[in-house]
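See below for upload_5.tsv, which holds TSV, C-alpha atoms and all ligand atoms.
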chain	number	residue	atom	x	y	z
A	22	MET	CA	89.30	76.10	104.61
A	23	GLU	CA	85.77	76.31	105.96
A	24	VAL	CA	83.10	75.45	103.39
A	25	LEU	CA	79.48	76.34	104.14
A	26	VAL	CA	76.92	74.82	101.78
A	27	LEU	CA	73.58	76.60	102.16
A	28	PRO	CA	70.24	75.85	100.53
A	29	THR	CA	69.73	79.02	98.48
A	30	ALA	CA	71.48	82.07	97.08
A	31	ASP	CA	69.56	84.23	99.59
A	32	ASP	CA	71.05	82.17	102.42
A	33	VAL	CA	74.50	82.87	100.99
A	34	ASP	CA	73.80	86.63	101.07
A	35	VAL	CA	72.66	86.53	104.70
A	36	ARG	CA	75.55	84.35	105.88
A	37	ALA	CA	78.10	86.51	104.07
A	38	ALA	CA	76.56	89.60	105.70
A	39	ASP	CA	76.74	87.83	109.09
A	40	ILE	CA	80.46	87.23	108.62
A	41	VAL	CA	81.08	90.89	107.72
A	42	ALA	CA	78.90	91.99	110.66
A	43	GLU	CA	80.85	89.79	113.11
A	44	GLN	CA	84.11	91.28	111.85
A	45	VAL	CA	82.78	94.86	112.12
A	46	SER	CA	81.41	94.30	115.62
A	47	ARG	CA	84.90	93.19	116.69
A	48	ARG	CA	86.57	96.06	114.84
A	49	PRO	CA	84.38	98.96	113.67
A	50	ASP	CA	87.24	100.47	111.64
A	51	THR	CA	87.78	97.25	109.72
A	52	VAL	CA	89.62	97.40	106.40
A	53	LEU	CA	87.29	95.54	104.08
A	54	GLY	CA	88.34	94.24	100.67
A	55	VAL	CA	85.40	94.31	98.30
A	56	ALA	CA	84.63	92.49	95.07
A	57	THR	CA	82.27	93.76	92.40
A	58	GLY	CA	80.41	91.60	89.89
A	59	SER	CA	77.06	90.12	90.84
A	60	SER	CA	78.07	87.56	93.50
A	61	PRO	CA	78.40	89.87	96.53
A	62	LEU	CA	75.55	92.25	95.64
A	63	GLY	CA	72.95	90.44	97.75
A	64	ALA	CA	75.29	90.54	100.75
A	65	TYR	CA	75.85	94.28	100.20
A	66	ARG	CA	72.08	94.82	100.08
A	67	GLU	CA	71.68	92.84	103.30
A	68	LEU	CA	74.42	94.90	104.96
A	69	ALA	CA	72.74	98.12	103.81
A	70	ARG	CA	69.43	96.88	105.23
A	71	ARG	CA	71.04	96.21	108.60
A	72	GLN	CA	72.72	99.61	108.52
A	73	ALA	CA	69.36	101.29	107.74
A	74	HIS	CA	67.75	99.49	110.69
A	75	GLY	CA	70.53	100.58	113.04
A	76	LEU	CA	71.69	96.99	113.55
A	77	LEU	CA	75.19	97.73	112.34
A	78	ASP	CA	77.50	100.69	111.81
A	79	LEU	CA	79.48	100.35	108.62
A	80	THR	CA	80.41	104.01	108.30
A	81	ARG	CA	83.84	103.54	109.86
A	82	LEU	CA	85.02	100.97	107.32
A	83	THR	CA	87.82	101.58	104.90
A	84	CYS	CA	87.25	99.63	101.69
A	85	PHE	CA	89.60	98.55	98.93
A	86	ALA	CA	88.22	97.26	95.65
A	87	LEU	CA	89.87	94.23	94.11
A	88	ASP	CA	90.06	95.57	90.60
A	89	GLU	CA	89.08	98.14	87.99
A	90	TYR	CA	88.91	98.23	84.22
A	91	VAL	CA	91.56	100.13	82.34
A	92	GLY	CA	90.58	102.89	79.94
A	93	LEU	CA	86.99	103.60	80.90
A	94	PRO	CA	86.29	107.31	81.26
A	95	ALA	CA	85.97	108.47	84.89
A	96	GLY	CA	82.44	107.90	86.17
A	97	HIS	CA	81.55	105.30	83.49
A	98	PRO	CA	78.52	103.45	84.93
A	99	SER	CA	80.10	100.02	84.38
A	100	GLY	CA	83.42	101.02	85.96
A	101	TYR	CA	83.88	99.40	89.34
A	102	ALA	CA	84.27	102.76	91.08
A	103	ALA	CA	80.75	103.68	89.92
A	104	VAL	CA	79.34	100.23	90.69
A	105	LEU	CA	80.70	100.30	94.23
A	106	GLU	CA	79.46	103.87	94.71
A	107	ARG	CA	75.93	102.73	93.72
A	108	GLU	CA	75.88	99.34	95.40
A	109	LEU	CA	77.82	99.93	98.59
A	110	VAL	CA	79.10	103.43	99.35
A	111	ARG	CA	75.75	105.24	99.12
A	112	PRO	CA	73.59	102.46	100.56
A	113	ILE	CA	75.74	102.14	103.70
A	114	GLY	CA	76.56	105.85	104.01
A	115	LEU	CA	80.31	105.37	103.72
A	116	PRO	CA	82.29	108.58	103.30
A	117	PRO	CA	83.31	108.31	99.59
A	118	ALA	CA	87.00	108.89	100.32
A	119	ARG	CA	87.03	105.64	102.28
A	120	MET	CA	86.26	103.57	99.20
A	121	ARG	CA	89.51	103.09	97.31
A	122	VAL	CA	89.49	101.71	93.78
A	123	PRO	CA	92.54	101.26	91.52
A	124	ASP	CA	92.82	104.16	89.08
A	125	GLY	CA	92.42	102.56	85.66
A	126	SER	CA	92.21	105.93	83.91
A	127	ARG	CA	95.70	107.07	84.89
A	128	GLU	CA	98.32	107.54	82.22
A	129	ASP	CA	101.02	105.86	84.29
A	130	LEU	CA	99.26	102.60	85.13
A	131	GLU	CA	102.31	101.06	86.76
A	132	ALA	CA	102.43	103.96	89.19
A	133	ALA	CA	98.69	103.47	89.83
A	134	CYS	CA	99.38	99.83	90.75
A	135	ARG	CA	102.30	100.71	93.01
A	136	ASP	CA	100.28	103.45	94.73
A	137	TYR	CA	97.42	101.05	95.31
A	138	GLU	CA	99.62	98.44	96.98
A	139	GLU	CA	101.10	101.20	99.10
A	140	ALA	CA	97.67	102.50	100.11
A	141	VAL	CA	96.57	99.04	101.25
A	142	GLY	CA	99.76	98.79	103.31
A	143	LEU	CA	99.33	102.26	104.83
A	144	ALA	CA	95.79	101.34	105.88
A	145	GLY	CA	97.26	98.42	107.82
A	146	GLY	CA	96.31	95.67	105.33
A	147	VAL	CA	92.95	94.11	104.61
A	148	ASP	CA	91.17	92.53	107.59
A	149	LEU	CA	88.49	90.74	105.60
A	150	GLN	CA	88.54	90.24	101.84
A	151	ILE	CA	85.27	89.45	100.07
A	152	LEU	CA	85.71	87.51	96.82
A	153	GLY	CA	83.55	86.20	94.02
A	154	ILE	CA	84.93	83.63	91.61
A	155	GLY	CA	84.91	83.64	87.83
A	156	ALA	CA	83.60	80.62	85.94
A	157	ASN	CA	87.24	80.12	84.86
A	158	GLY	CA	88.47	80.15	88.47
A	159	HIS	CA	89.73	83.74	88.54
A	160	ILE	CA	89.64	85.84	91.69
A	161	GLY	CA	90.02	89.56	91.25
A	162	PHE	CA	90.94	89.56	87.58
A	163	ASN	CA	93.76	87.09	88.07
A	164	GLU	CA	93.07	84.99	85.03
A	165	PRO	CA	94.26	81.38	84.62
A	166	GLY	CA	98.03	81.41	84.24
A	167	SER	CA	98.50	84.24	86.77
A	168	SER	CA	101.48	84.06	89.06
A	169	LEU	CA	100.39	82.67	92.41
A	170	SER	CA	102.45	85.35	94.15
A	171	SER	CA	101.47	88.27	91.90
A	172	ARG	CA	100.92	91.80	93.22
A	173	THR	CA	98.63	94.56	91.94
A	174	ARG	CA	99.29	94.98	88.22
A	175	VAL	CA	97.77	95.46	84.79
A	176	LYS	CA	96.29	92.26	83.34
A	177	ALA	CA	94.67	91.39	80.02
A	178	LEU	CA	91.18	89.98	80.48
A	179	SER	CA	90.52	86.54	79.01
A	180	ALA	CA	87.98	86.10	76.21
A	181	ARG	CA	85.81	84.14	78.66
A	182	THR	CA	85.79	86.93	81.25
A	183	ARG	CA	85.05	89.57	78.61
A	184	ALA	CA	82.13	87.47	77.36
A	185	ASP	CA	80.87	86.85	80.93
A	186	ASN	CA	81.03	90.56	81.74
A	187	ALA	CA	79.43	91.72	78.48
A	188	ARG	CA	76.12	91.75	80.38
A	189	PHE	CA	77.31	94.85	82.25
A	190	PHE	CA	77.98	96.80	79.02
A	191	LYS	CA	75.90	98.00	76.07
A	192	ALA	CA	77.80	95.81	73.58
A	193	PRO	CA	80.35	92.97	73.98
A	194	ASP	CA	83.05	95.05	72.28
A	195	ASP	CA	82.61	97.74	74.93
A	196	VAL	CA	84.13	95.46	77.59
A	197	PRO	CA	87.66	96.74	78.16
A	198	THR	CA	90.51	94.42	77.26
A	199	HIS	CA	92.62	95.24	80.32
A	200	CYS	CA	92.25	95.90	84.02
A	201	ILE	CA	94.20	96.67	87.14
A	202	THR	CA	93.80	93.87	89.65
A	203	GLN	CA	95.17	93.07	93.05
A	204	GLY	CA	97.48	90.09	92.63
A	205	LEU	CA	97.03	86.67	94.15
A	206	GLY	CA	99.85	87.48	96.57
A	207	THR	CA	98.07	90.70	97.52
A	208	ILE	CA	94.84	88.81	98.16
A	209	LEU	CA	96.65	86.21	100.27
A	210	ASP	CA	97.89	89.01	102.54
A	211	ALA	CA	94.33	89.65	103.77
A	212	ARG	CA	93.86	88.42	107.33
A	213	ARG	CA	90.64	86.65	106.48
A	214	VAL	CA	88.99	85.73	103.18
A	215	LEU	CA	85.31	85.19	102.41
A	216	LEU	CA	84.49	83.73	99.00
A	217	VAL	CA	80.86	83.63	97.87
A	218	ALA	CA	79.45	81.77	94.87
A	219	GLN	CA	75.96	81.03	93.68
A	220	GLY	CA	74.56	78.97	90.84
A	221	GLU	CA	75.50	75.97	88.80
A	222	ARG	CA	77.65	78.06	86.45
A	223	LYS	CA	80.21	78.36	89.24
A	224	ALA	CA	80.18	74.70	90.34
A	225	ALA	CA	83.25	73.56	88.37
A	226	ALA	CA	85.31	76.57	89.44
A	227	VAL	CA	84.33	76.15	93.10
A	228	ALA	CA	85.28	72.46	93.06
A	229	ALA	CA	88.61	73.20	91.37
A	230	ALA	CA	89.36	76.00	93.84
A	231	VAL	CA	88.46	74.08	96.99
A	232	GLU	CA	89.36	70.50	96.15
A	233	GLY	CA	91.52	70.60	93.04
A	234	PRO	CA	95.29	70.82	92.91
A	235	VAL	CA	96.75	74.25	93.63
A	236	SER	CA	97.47	75.50	90.15
A	237	ALA	CA	97.72	78.72	88.18
A	238	MET	CA	95.10	77.13	85.90
A	239	CYS	CA	92.60	77.77	88.70
A	240	PRO	CA	93.86	80.96	90.37
A	241	ALA	CA	91.35	80.66	93.24
A	242	SER	CA	93.00	77.38	94.27
A	243	VAL	CA	95.81	79.47	95.77
A	244	LEU	CA	93.39	80.16	98.64
A	245	GLN	CA	94.21	76.64	99.87
A	246	PHE	CA	97.44	78.21	101.19
A	247	HIS	CA	95.53	80.76	103.29
A	248	ARG	CA	94.81	79.93	106.91
A	249	ALA	CA	91.46	81.69	107.29
A	250	VAL	CA	89.21	81.21	104.29
A	251	THR	CA	85.46	80.73	104.45
A	252	VAL	CA	83.71	79.64	101.26
A	253	VAL	CA	79.95	80.23	101.30
A	254	VAL	CA	78.06	78.58	98.45
A	255	ASP	CA	74.53	77.57	97.59
A	256	GLU	CA	73.61	73.99	96.68
A	257	ALA	CA	73.96	74.70	92.96
A	258	ALA	CA	77.48	76.12	93.25
A	259	ALA	CA	78.42	73.21	95.55
A	260	GLY	CA	77.17	70.72	92.96
A	261	GLN	CA	80.61	69.39	91.97
A	262	LEU	CA	82.23	69.26	95.40
A	263	ALA	CA	83.23	65.76	96.53
A	264	LEU	CA	83.26	66.36	100.28
A	265	THR	CA	79.92	68.11	100.79
A	266	ASP	CA	78.79	65.63	103.49
A	267	TYR	CA	81.95	66.29	105.43
A	268	TYR	CA	81.57	70.10	105.13
A	269	ARG	CA	78.00	69.81	106.45
A	270	PHE	CA	79.14	67.59	109.32
A	271	VAL	CA	81.84	70.11	110.31
A	272	ALA	CA	79.44	73.07	110.07
A	273	GLU	CA	76.82	71.31	112.21
A	274	ALA	CA	79.41	70.29	114.81
A	275	LYS	CA	80.67	73.89	115.02
A	276	HIS	CA	77.12	75.19	115.34
A	277	ARG	CA	76.39	72.72	118.20
A	278	LEU	CA	79.60	73.72	119.97
A	279	ARG	CA	78.71	77.42	119.74
A	280	GLN	CA	75.25	76.75	121.18
A	281	GLU	CA	76.70	74.74	124.06
A	282	GLU	CA	79.09	77.61	124.83
A	283	ARG	CA	76.15	80.03	125.20
B	1	LIG	C1	85.10	91.51	90.55
B	1	LIG	C2	86.00	90.38	90.58
B	1	LIG	C3	85.72	89.13	89.86
B	1	LIG	C4	84.30	88.60	90.09
B	1	LIG	C5	84.07	87.35	89.28
B	1	LIG	C6	82.68	86.81	89.44
B	1	LIG	O1	85.61	92.54	91.35
B	1	LIG	O2	87.01	90.49	91.19
B	1	LIG	O3	86.64	88.14	90.25
B	1	LIG	O4	84.14	88.33	91.45
B	1	LIG	O5	84.29	87.63	87.92
B	1	LIG	O6	81.78	87.70	88.87
B	1	LIG	P1	80.22	87.58	89.12
B	1	LIG	O7	80.04	87.75	90.58
B	1	LIG	O8	79.61	88.70	88.34
B	1	LIG	O9	79.84	86.22	88.66
Produce structure tokens that represent the structure in this file.
Ligand code: F6R
Amino acid sequence: MEVLVLPTADDVDVRAADIVAEQVSRRPDTVLGVATGSSPLGAYRELARRQAHGLLDLTRLTCFALDEYVGLPAGHPSGYAAVLERELVRPIGLPPARMRVPDGSREDLEAACRDYEEAVGLAGGVDLQILGIGANGHIGFNEPGSSLSSRTRVKALSARTRADNARFFKAPDDVPTHCITQGLGTILDARRVLLVAQGERKAAAVAAAVEGPVSAMCPASVLQFHRAVTVVVDEAAAGQLALTDYYRFVAEAKHRLRQEER
């Protein structure tokens, strides 16, 4: 696992955008896994800025969202389909059909989950998966206790997650109780994973994910089994990591090596 500790949240946005840009320059028709929530929004804005300045072409991406609430009416402004439309699809000029989001309004939710897994497979799998992390260690909406090999399915949201996400709704009771989320096994299938976290509120979860035991109590810790994970955090989110000096040493050594190669 590569851990990059950067001074500020803005630095996290720029570095995350750099990683997406590198991937897209290698493969313009990249399959990108996208998180919602607030953590990746700065990176999405930075990507949209680069697109607007002609520095990058993101219009050939295919995107798959990690998750969606169950039971919100189609087009609900807090639904992840609408959020991604506002924050990513329109700003980067992506053809809307190339943003796929689980269908949480379908009557047969199990079929919606199966179809979603199938669609990811048909697209060739996710090349780069962007993740945020919940304060309780969830990724996607895989709450503590989730099977470490789970696939896309319906999950009940924890009280903590519903409280954390109440800020996106008019009233706390408006936060849906259930969602469709890619499973931890689904996420592990991505070829590369980029996890971003900012702020002190995430520090305990980041430390548990990166340095704690692999445990369903911290679903993000399953990423320790993945061979290509980059964790990009600001100082505040890195606050409880034990090996920060080592991560800095590795990052500096890599940077020096890259400069010597030029
Ligand atoms: C959202 C998602 C969640 C969020 C997490 C952090 O698609 O999958 O795991 O990444 O809840 O949310 P924020 O970024 O709002 O702190």
Kindly provide the residues of chain A that approach ligand LIG 1 (chain B) to within 9 Å, each paired with its closest atom pair and their distance in Å to one decimal, based on only C-alpha atoms and all ligand atoms, listed by chain and increasing number, as a tab-separated table.
residue	atom	partner	partner_atom	distance
A:Val55	CA	B:LIG1	O1	7.2
A:Ala56	CA	B:LIG1	O1	3.8
A:Thr57	CA	B:LIG1	O1	3.7
A:Gly58	CA	B:LIG1	O8	3.4
A:Ser59	CA	B:LIG1	O7	3.8
A:Ser60	CA	B:LIG1	O7	3.5
A:Pro61	CA	B:LIG1	O7	6.5
A:Leu62	CA	B:LIG1	O7	8.1
A:Ala86	CA	B:LIG1	O1	6.9
A:Leu87	CA	B:LIG1	O1	5.3
A:Asp88	CA	B:LIG1	O1	5.4
A:Glu89	CA	B:LIG1	O1	7.4
A:Tyr101	CA	B:LIG1	O1	7.4
A:Ile151	CA	B:LIG1	O4	8.8
A:Leu152	CA	B:LIG1	O4	5.7
A:Gly153	CA	B:LIG1	O4	3.4
A:Ile154	CA	B:LIG1	C6	4.5
A:Gly155	CA	B:LIG1	O5	4.0
A:Ala156	CA	B:LIG1	C6	7.2
A:Asn157	CA	B:LIG1	O5	8.6
A:Gly158	CA	B:LIG1	O3	8.4
A:His159	CA	B:LIG1	O3	5.6
A:Ile160	CA	B:LIG1	O3	4.0
A:Gly161	CA	B:LIG1	O2	3.2
A:Phe162	CA	B:LIG1	O3	5.3
A:Asn163	CA	B:LIG1	O3	7.5
A:Glu164	CA	B:LIG1	O3	8.9
A:Thr182	CA	B:LIG1	O5	6.9
A:Asp185	CA	B:LIG1	O8	7.7
A:Asn186	CA	B:LIG1	O8	7.0
A:Phe189	CA	B:LIG1	O8	9.0
A:Thr202	CA	B:LIG1	O2	7.7
A:Gln203	CA	B:LIG1	O2	8.8
A:Leu216	CA	B:LIG1	O4	8.8
A:Val217	CA	B:LIG1	O7	8.4
A:Ala218	CA	B:LIG1	O7	7.4
A:Gln219	CA	B:LIG1	O9	8.2
A:Arg222	CA	B:LIG1	O9	8.7
A:Lys223	CA	B:LIG1	O9	7.9
* Between CA of Glu23 (chain A) and CA of Ala249 (chain A) - distance in Å to one decimal -> 7.9 Å
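For the pair CA of Val26 (chain A) and CA of Asp255 (chain A), the separation is 5.6 Å.
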* Can you pull out every residue within 7 Å of region 225-233 of chain A, counting all atoms listed in the file, but drop anything in the same chain fewer than 6 positions away, and send it as number ranges by chain? => A: 156-158, 239, 241-242, 245, 258, 261-262
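Reported to one decimal place, the separation of CA of Leu68 (chain A) from CA of Glu108 (chain A) is 10.6 Å.
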* Quick one: residues within 10 Å of Val243 (chain A), only C-alpha atoms counted, chain neighbours fewer than 6 positions away excluded, as an MDAnalysis selection string? -> chainID A and resid 160 168:170 205:206 208:209 230:231 234:237
Which centre and edge lengths in Å to one decimal define the box along x, y and z that fits every listed atom of region 158-174 of chain A plus 5 Å per side, as JSON?
{"center_x": 95.5, "center_y": 87.6, "center_z": 89.2, "size_x": 24.0, "size_y": 24.8, "size_z": 19.9}
* Asked: Of the residues A:Thr265, A:Thr251, A:Ser167, A:Gln150, which is the one nearest to Asp210 (chain A), using all atoms listed in the file?
  ->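 Using all atoms listed in the file, the shortest distance to Asp210 (chain A) belongs to A:Gln150.
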* Tell me which protein, DNA and RNA residues are within 7 Å of Val91 (chain A), counting all atoms listed in the file, leaving out same-chain ones fewer than 5 positions away, and put them as a ChimeraX atom specification. => /A:125-126,197,199-201
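Of the listed residues A:Gln280, A:Thr51, A:Ser179, A:Gln44, the one whose atoms come nearest to Thr83 (chain A) is A:Thr51, with distances taken using only C-alpha atoms.
Compared by their closest atoms to Val52 (chain A), and using all atoms listed in the file, the residues A:Pro193, A:Pro123, A:Gly146, A:Gly204 rank with A:Gly146 nearest.
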* With only C-alpha atoms as the basis for distance, which of A:Arg213, A:Gly92, A:Gly54, A:Met238 is at the shortest distance from Val252 (chain A)? -> A:Arg213
* Structure fact -> For Asp124 (chain A), the closest of A:Gly142, A:Pro240, A:Pro112, A:Pro94 counting all atoms listed in the file is A:Pro94
